[in-house]
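Text of entry-v7.json, listed as JSON, C-alpha atoms:
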```
[["chain", "number", "residue", "atom", "x", "y", "z"],
["A", 1069, "ALA", "CA", 26.31, 85.72, 20.34],
["A", 1070, "GLN", "CA", 29.61, 86.91, 18.97],
["A", 1071, "THR", "CA", 30.65, 86.06, 15.44],
["A", 1072, "VAL", "CA", 33.81, 86.64, 13.42],
["A", 1073, "THR", "CA", 33.74, 86.81, 9.64],
["A", 1074, "GLN", "CA", 36.67, 86.57, 7.26],
["A", 1075, "SER", "CA", 35.35, 87.15, 3.78],
["A", 1076, "GLN", "CA", 38.48, 86.21, 1.84],
["A", 1077, "PRO", "CA", 39.00, 82.43, 1.75],
["A", 1078, "GLU", "CA", 42.25, 82.76, -0.19],
["A", 1079, "MET", "CA", 44.61, 85.50, -1.33],
["A", 1080, "SER", "CA", 47.89, 85.53, -3.16],
["A", 1081, "VAL", "CA", 50.42, 88.29, -3.72],
["A", 1082, "GLN", "CA", 53.94, 88.65, -4.99],
["A", 1083, "GLU", "CA", 56.82, 88.72, -2.57],
["A", 1084, "ALA", "CA", 57.56, 92.24, -1.24],
["A", 1085, "GLU", "CA", 54.03, 93.47, -1.93],
["A", 1086, "THR", "CA", 51.64, 94.69, 0.73],
["A", 1087, "VAL", "CA", 48.51, 92.69, 1.46],
["A", 1088, "THR", "CA", 45.50, 93.36, 3.64],
["A", 1089, "LEU", "CA", 43.33, 90.65, 5.16],
["A", 1090, "SER", "CA", 39.86, 91.62, 6.27],
["A", 1091, "CYS", "CA", 37.94, 90.66, 9.37],
["A", 1092, "THR", "CA", 34.63, 91.84, 10.76],
["A", 1093, "TYR", "CA", 33.00, 90.84, 13.99],
["A", 1094, "ASP", "CA", 29.70, 91.23, 15.72],
["A", 1095, "THR", "CA", 29.32, 91.78, 19.44],
["A", 1096, "SER", "CA", 27.45, 93.79, 22.00],
["A", 1097, "GLU", "CA", 30.38, 93.65, 24.41],
["A", 1098, "SER", "CA", 32.44, 96.74, 25.12],
["A", 1099, "ASN", "CA", 35.56, 95.13, 26.59],
["A", 1100, "TYR", "CA", 37.35, 92.65, 24.38],
["A", 1101, "TYR", "CA", 40.53, 91.66, 22.61],
["A", 1102, "LEU", "CA", 41.05, 90.98, 18.93],
["A", 1103, "PHE", "CA", 43.78, 88.77, 17.56],
["A", 1104, "TRP", "CA", 45.35, 87.64, 14.34],
["A", 1105, "TYR", "CA", 46.89, 84.17, 14.49],
["A", 1106, "LYS", "CA", 49.05, 82.59, 11.82],
["A", 1107, "GLN", "CA", 49.16, 78.86, 11.05],
["A", 1108, "PRO", "CA", 51.90, 77.91, 8.57],
["A", 1109, "PRO", "CA", 51.48, 74.63, 6.69],
["A", 1110, "SER", "CA", 51.91, 71.70, 9.07],
["A", 1111, "ARG", "CA", 53.12, 73.99, 11.84],
["A", 1112, "GLN", "CA", 51.62, 75.33, 15.01],
["A", 1113, "MET", "CA", 49.39, 78.34, 15.42],
["A", 1114, "ILE", "CA", 51.19, 81.45, 16.61],
["A", 1115, "LEU", "CA", 50.02, 84.91, 17.58],
["A", 1116, "VAL", "CA", 50.77, 87.63, 15.05],
["A", 1117, "ILE", "CA", 49.23, 90.66, 16.70],
["A", 1118, "ARG", "CA", 46.63, 91.62, 19.29],
["A", 1119, "GLN", "CA", 44.49, 94.69, 19.90],
["A", 1120, "GLU", "CA", 42.68, 95.77, 23.05],
["A", 1121, "ALA", "CA", 39.31, 97.29, 22.20],
["A", 1122, "TYR", "CA", 39.76, 100.18, 24.63],
["A", 1123, "LYS", "CA", 42.90, 101.34, 22.83],
["A", 1124, "GLN", "CA", 42.33, 103.70, 19.93],
["A", 1125, "GLN", "CA", 45.85, 103.33, 18.60],
["A", 1126, "ASN", "CA", 46.27, 100.56, 16.07],
["A", 1127, "ALA", "CA", 48.66, 97.80, 17.08],
["A", 1128, "THR", "CA", 51.83, 97.21, 15.08],
["A", 1129, "GLU", "CA", 54.43, 94.44, 15.18],
["A", 1130, "ASN", "CA", 57.26, 95.02, 12.72],
["A", 1131, "ARG", "CA", 55.79, 94.39, 9.24],
["A", 1132, "PHE", "CA", 52.34, 93.61, 10.64],
["A", 1133, "SER", "CA", 49.79, 96.26, 11.53],
["A", 1134, "VAL", "CA", 46.07, 96.40, 12.05],
["A", 1135, "ASN", "CA", 43.35, 98.84, 11.10],
["A", 1136, "PHE", "CA", 40.92, 98.67, 14.00],
["A", 1137, "GLN", "CA", 37.62, 100.41, 13.38],
["A", 1138, "LYS", "CA", 35.59, 99.84, 16.52],
["A", 1139, "ALA", "CA", 32.38, 101.51, 15.37],
["A", 1140, "ALA", "CA", 32.41, 99.53, 12.15],
["A", 1141, "LYS", "CA", 33.51, 96.36, 13.99],
["A", 1142, "SER", "CA", 36.31, 95.86, 11.55],
["A", 1143, "PHE", "CA", 39.80, 94.55, 12.25],
["A", 1144, "SER", "CA", 41.98, 94.16, 9.17],
["A", 1145, "LEU", "CA", 45.58, 92.96, 9.08],
["A", 1146, "LYS", "CA", 48.14, 94.61, 6.83],
["A", 1147, "ILE", "CA", 51.35, 92.78, 5.98],
["A", 1148, "SER", "CA", 54.01, 95.02, 4.48],
["A", 1149, "ASP", "CA", 56.97, 93.83, 2.43],
["A", 1150, "SER", "CA", 55.52, 90.31, 2.35],
["A", 1151, "GLN", "CA", 57.93, 87.39, 2.57],
["A", 1152, "LEU", "CA", 57.71, 83.77, 1.47],
["A", 1153, "GLY", "CA", 57.56, 82.78, 5.13],
["A", 1154, "ASP", "CA", 54.30, 84.69, 5.50],
["A", 1155, "THR", "CA", 52.55, 81.94, 3.52],
["A", 1156, "ALA", "CA", 50.03, 80.51, 5.98],
["A", 1157, "MET", "CA", 46.44, 80.40, 7.12],
["A", 1158, "TYR", "CA", 45.54, 83.56, 9.00],
["A", 1159, "PHE", "CA", 42.77, 83.47, 11.57],
["A", 1160, "CYS", "CA", 41.05, 86.45, 13.10],
["A", 1161, "ALA", "CA", 39.76, 85.84, 16.63],
["A", 1162, "PHE", "CA", 37.70, 87.70, 19.21],
["A", 1163, "MET", "CA", 37.78, 87.38, 22.97],
["A", 1164, "ALA", "CA", 35.27, 89.14, 25.21],
["A", 1165, "TRP", "CA", 36.24, 89.71, 28.82],
["A", 1166, "ASP", "CA", 32.72, 88.84, 29.96],
["A", 1167, "SER", "CA", 32.68, 85.51, 28.13],
["A", 1168, "ASN", "CA", 35.30, 84.18, 30.48],
["A", 1169, "TYR", "CA", 37.94, 84.92, 27.87],
["A", 1170, "GLN", "CA", 36.78, 82.39, 25.32],
["A", 1171, "LEU", "CA", 38.07, 82.79, 21.77],
["A", 1172, "ILE", "CA", 35.68, 83.07, 18.84],
["A", 1173, "TRP", "CA", 37.40, 82.25, 15.56],
["A", 1174, "GLY", "CA", 36.92, 83.27, 11.96],
["A", 1175, "ALA", "CA", 37.10, 80.66, 9.21],
["A", 1176, "GLY", "CA", 40.53, 81.82, 8.12],
["A", 1177, "THR", "CA", 42.20, 83.26, 5.03],
["A", 1178, "LYS", "CA", 44.79, 81.26, 3.15],
["A", 1179, "LEU", "CA", 47.58, 83.61, 2.15],
["A", 1180, "ILE", "CA", 50.07, 82.58, -0.51],
["A", 1181, "ILE", "CA", 53.19, 84.64, -1.13],
["A", 1182, "LYS", "CA", 54.57, 84.01, -4.60],
["A", 1183, "PRO", "CA", 58.28, 84.40, -5.39],
["B", 429, "ASP", "CA", 60.27, 75.56, 28.94],
["B", 430, "THR", "CA", 59.89, 74.68, 25.27],
["B", 431, "GLY", "CA", 56.23, 75.48, 24.91],
["B", 432, "VAL", "CA", 53.11, 73.36, 24.58],
["B", 433, "SER", "CA", 53.78, 69.78, 23.57],
["B", 434, "GLN", "CA", 51.31, 67.20, 22.30],
["B", 435, "ASP", "CA", 51.60, 63.47, 21.93],
["B", 436, "PRO", "CA", 51.21, 61.60, 19.68],
["B", 437, "ARG", "CA", 51.59, 63.86, 16.67],
["B", 438, "HIS", "CA", 49.72, 61.45, 14.46],
["B", 439, "LYS", "CA", 47.40, 58.58, 15.31],
["B", 440, "ILE", "CA", 45.81, 56.19, 12.84],
["B", 441, "THR", "CA", 43.11, 53.96, 14.24],
["B", 442, "LYS", "CA", 40.24, 51.78, 13.15],
["B", 443, "ARG", "CA", 36.67, 52.82, 13.66],
["B", 444, "GLY", "CA", 35.41, 51.75, 17.05],
["B", 445, "GLN", "CA", 38.76, 51.94, 18.81],
["B", 446, "ASN", "CA", 39.55, 54.30, 21.67],
["B", 447, "VAL", "CA", 42.30, 56.89, 21.40],
["B", 448, "THR", "CA", 43.94, 59.17, 23.94],
["B", 449, "PHE", "CA", 45.90, 62.35, 23.34],
["B", 450, "ARG", "CA", 48.16, 64.05, 25.83],
["B", 451, "CYS", "CA", 48.99, 67.73, 26.18],
["B", 452, "ASP", "CA", 51.71, 69.27, 28.32],
["B", 453, "PRO", "CA", 51.13, 73.03, 28.64],
["B", 454, "ILE", "CA", 53.63, 75.75, 29.45],
["B", 455, "SER", "CA", 54.41, 75.07, 33.08],
["B", 456, "GLU", "CA", 53.17, 78.29, 34.67],
["B", 457, "HIS", "CA", 49.96, 78.43, 32.63],
["B", 458, "ASN", "CA", 46.77, 77.77, 34.57],
["B", 459, "ARG", "CA", 44.41, 77.45, 31.60],
["B", 460, "LEU", "CA", 44.41, 74.64, 29.10],
["B", 461, "TYR", "CA", 42.19, 74.38, 26.03],
["B", 462, "TRP", "CA", 41.32, 71.64, 23.58],
["B", 463, "TYR", "CA", 40.21, 72.47, 20.05],
["B", 464, "ARG", "CA", 39.40, 70.40, 17.01],
["B", 465, "GLN", "CA", 40.34, 71.61, 13.55],
["B", 466, "THR", "CA", 39.42, 70.16, 10.17],
["B", 467, "LEU", "CA", 41.20, 71.06, 6.96],
["B", 468, "GLY", "CA", 40.66, 74.65, 5.89],
["B", 469, "GLN", "CA", 38.60, 75.54, 8.93],
["B", 470, "GLY", "CA", 39.20, 77.49, 12.09],
["B", 471, "PRO", "CA", 39.61, 75.78, 15.44],
["B", 472, "GLU", "CA", 36.42, 74.47, 17.03],
["B", 473, "PHE", "CA", 36.30, 74.75, 20.80],
["B", 474, "LEU", "CA", 35.95, 71.46, 22.70],
["B", 475, "THR", "CA", 36.68, 72.19, 26.35],
["B", 476, "TYR", "CA", 38.93, 74.08, 28.71],
["B", 477, "PHE", "CA", 40.35, 73.80, 32.19],
["B", 478, "GLN", "CA", 41.45, 76.28, 34.77],
["B", 479, "ASN", "CA", 43.93, 74.44, 36.92],
["B", 480, "GLU", "CA", 42.30, 71.01, 37.41],
["B", 481, "ALA", "CA", 38.70, 72.20, 37.02],
["B", 482, "GLN", "CA", 36.95, 71.67, 33.72],
["B", 483, "LEU", "CA", 35.04, 74.92, 33.37],
["B", 484, "GLU", "CA", 33.31, 74.51, 30.05],
["B", 485, "LYS", "CA", 32.56, 71.80, 27.54],
["B", 486, "SER", "CA", 31.18, 72.39, 24.09],
["B", 487, "ARG", "CA", 27.59, 71.33, 23.56],
["B", 488, "LEU", "CA", 28.75, 69.88, 20.26],
["B", 489, "LEU", "CA", 30.94, 67.41, 22.10],
["B", 490, "SER", "CA", 29.42, 63.98, 22.30],
["B", 491, "ASP", "CA", 29.63, 61.73, 25.34],
["B", 492, "ARG", "CA", 32.35, 59.76, 23.58],
["B", 493, "PHE", "CA", 34.77, 62.59, 24.30],
["B", 494, "SER", "CA", 36.24, 63.10, 27.74],
["B", 495, "ALA", "CA", 39.07, 65.25, 29.00],
["B", 496, "GLU", "CA", 40.95, 65.38, 32.25],
["B", 497, "ARG", "CA", 43.58, 67.52, 33.89],
["B", 498, "PRO", "CA", 44.03, 65.67, 37.15],
["B", 499, "LYS", "CA", 46.79, 67.69, 38.78],
["B", 500, "GLY", "CA", 46.36, 70.95, 36.96],
["B", 501, "SER", "CA", 49.35, 70.25, 34.76],
["B", 502, "PHE", "CA", 49.13, 67.92, 31.75],
["B", 503, "SER", "CA", 45.79, 67.00, 30.22],
["B", 504, "THR", "CA", 44.42, 64.03, 28.31],
["B", 505, "LEU", "CA", 41.66, 63.93, 25.73],
["B", 506, "GLU", "CA", 40.08, 60.53, 25.16],
["B", 507, "ILE", "CA", 37.78, 59.60, 22.32],
["B", 508, "GLN", "CA", 35.89, 56.38, 22.76],
["B", 509, "ARG", "CA", 34.44, 54.27, 19.94],
["B", 510, "THR", "CA", 35.98, 56.47, 17.28],
["B", 511, "GLU", "CA", 34.04, 57.29, 14.13],
["B", 512, "GLN", "CA", 35.33, 58.44, 10.75],
["B", 513, "GLY", "CA", 33.89, 61.88, 11.46],
["B", 514, "ASP", "CA", 36.34, 62.22, 14.36],
["B", 515, "SER", "CA", 39.22, 62.46, 11.90],
["B", 516, "ALA", "CA", 40.73, 65.89, 12.51],
["B", 517, "MET", "CA", 43.60, 67.76, 14.07],
["B", 518, "TYR", "CA", 43.24, 68.07, 17.84],
["B", 519, "LEU", "CA", 44.90, 71.21, 19.13],
["B", 520, "CYS", "CA", 45.90, 71.97, 22.68],
["B", 521, "ALA", "CA", 46.61, 75.49, 23.88],
["B", 522, "SER", "CA", 47.50, 77.04, 27.21],
["B", 523, "SER", "CA", 47.36, 80.51, 28.69],
["B", 524, "LEU", "CA", 48.02, 82.43, 31.86],
["B", 525, "PHE", "CA", 44.73, 83.73, 33.19],
["B", 526, "GLY", "CA", 44.64, 86.33, 35.90],
["B", 527, "ARG", "CA", 46.28, 89.63, 36.65],
["B", 528, "GLY", "CA", 48.05, 90.91, 33.59],
["B", 529, "ASN", "CA", 46.10, 88.55, 31.38],
["B", 530, "THR", "CA", 46.84, 89.31, 27.75],
["B", 531, "GLY", "CA", 44.39, 86.78, 26.35],
["B", 532, "GLU", "CA", 47.10, 85.14, 24.27],
["B", 533, "LEU", "CA", 46.88, 81.41, 23.75],
["B", 534, "PHE", "CA", 50.00, 79.34, 23.09],
["B", 535, "PHE", "CA", 49.38, 76.34, 20.88],
["B", 536, "GLY", "CA", 50.97, 72.96, 20.50],
["B", 537, "GLU", "CA", 51.63, 71.42, 17.10],
["B", 538, "GLY", "CA", 48.52, 69.31, 17.31],
["B", 539, "SER", "CA", 47.65, 65.63, 17.22],
["B", 540, "ARG", "CA", 46.28, 64.45, 13.90],
["B", 541, "LEU", "CA", 43.72, 61.65, 14.14],
["B", 542, "THR", "CA", 42.85, 59.48, 11.16],
["B", 543, "VAL", "CA", 40.02, 57.02, 11.64],
["B", 544, "LEU", "CA", 39.85, 54.29, 9.01]]
```
Starting from the file, give its structure as structure tokens.
Amino acid sequence: AQTVTQSQPEMSVQEAETVTLSCTYDTSESNYYLFWYKQPPSRQMILVIRQEAYKQQNATENRFSVNFQKAAKSFSLKISDSQLGDTAMYFCAFMAWDSNYQLIWGAGTKLIIKP
Amino acid sequence: DTGVSQDPRHKITKRGQNVTFRCDPISEHNRLYWYRQTLGQGPEFLTYFQNEAQLEKSRLLSDRFSAERPKGSFSTLEIQRTEQGDSAMYLCASSLFGRGNTGELFFGEGSRLTVL
């Protein structure tokens, strides 16, 4: 069975700093997606970034980038130049193609950006 | 299309009552998911549909929970004889499954249930 582990329940950084959220996963699948979702307080979950396992190049979306280490089964999220609006719960999630595209979620990391 | 919408946003009920939540997915999306989320936790899978077919239901889901998607568009989630442990946020998400599938789920804002 697949599992996703986020070892940092809560993190806080100053505005404009860079922060890295960690995520590890366990699977025997070879074809899968990895995601980072953001859930701001009292607002809906939105996709931050996704990574296809077959791609070696790390995904980037503006200030957000990932460090995908397939052999180590690690998928960390780096937020550069953090902003107050980045304050949210961040969830790492895994989706195997052979599991009928079901999402497996981590427990989340609460990120607080301080002014 | 304005995205996934859920109704009601907040429901307060007494233990033992039945409640029903509605989800309207993004119109062209063929998959619809229901999740439950408690404070500080990740979403817990409940069930999902592809078009009108319910393809999977969590083994953790008791018989008091039932979901439908009769015409492959909107979906309802009903909880019968509510218990205090049912208090949670119920999230609906939709996706486009098939050729060009990106795996991305689009979420609604959730329906918060409080059972007194």
**Item:** Expected answer as a PyMOL selection string: all residues with atoms within 6 Å of (52.3, 86.5, 1.9), only C-alpha atoms
**Value:** chain A and resi 1150-1151+1154-1155+1179-1181
**Request:** Using atom CA of B:Ile440 and atom CA of B:Arg509 as the two end points, give the distance in Å to one decimal.
**Result:** 13.5 Å
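Close to (28.1, 91.0, 15.2), meaning no more than 9 Å away when counting all atoms listed in the file, sit the residues Ala1069, Gln1070, Thr1071, Val1072, Thr1073, Thr1092, Tyr1093, Asp1094, Thr1095, Ser1096 and Lys1141 of chain A.
Reported to one decimal place, the separation of atom CA of A:Met1113 from atom CA of B:Ser433 is 12.6 Å.
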**Request:** Return as a PyMOL selection string the residues belonging to chain A that are within 12 Å of chain B, counting only C-alpha atoms.
**Result:** chain A and resi 1072-1074+1077-1078+1100-1120+1156-1165+1167-1179
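Here atom CA of B:Thr466 is placed at a distance of 23.0 Å from atom CA of B:Gly431.
Considering only C-alpha atoms, the residue among B:Gln478, B:Leu489, B:Ser494, B:Gly526 positioned nearest to B:Arg464 is B:Leu489.
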**Message:** I'd like the neighbourhood of B:Gln445 as an NGL selection string, where a residue qualifies if any of its atoms comes within 12 Å (using all atoms listed in the file), though same-chain residues fewer than 3 positions away should be ignored.
**Reply:** :B and (439-442 or 448 or 492 or 506-512 or 514 or 541-544)
**Test item: residues at most 7 Å from stretch 1131-1134 of chain A, all atoms listed in the file, excluding those fewer than 5 positions along its chain, as a PyMOL selection string** = chain A and resi 1126+1143-1149
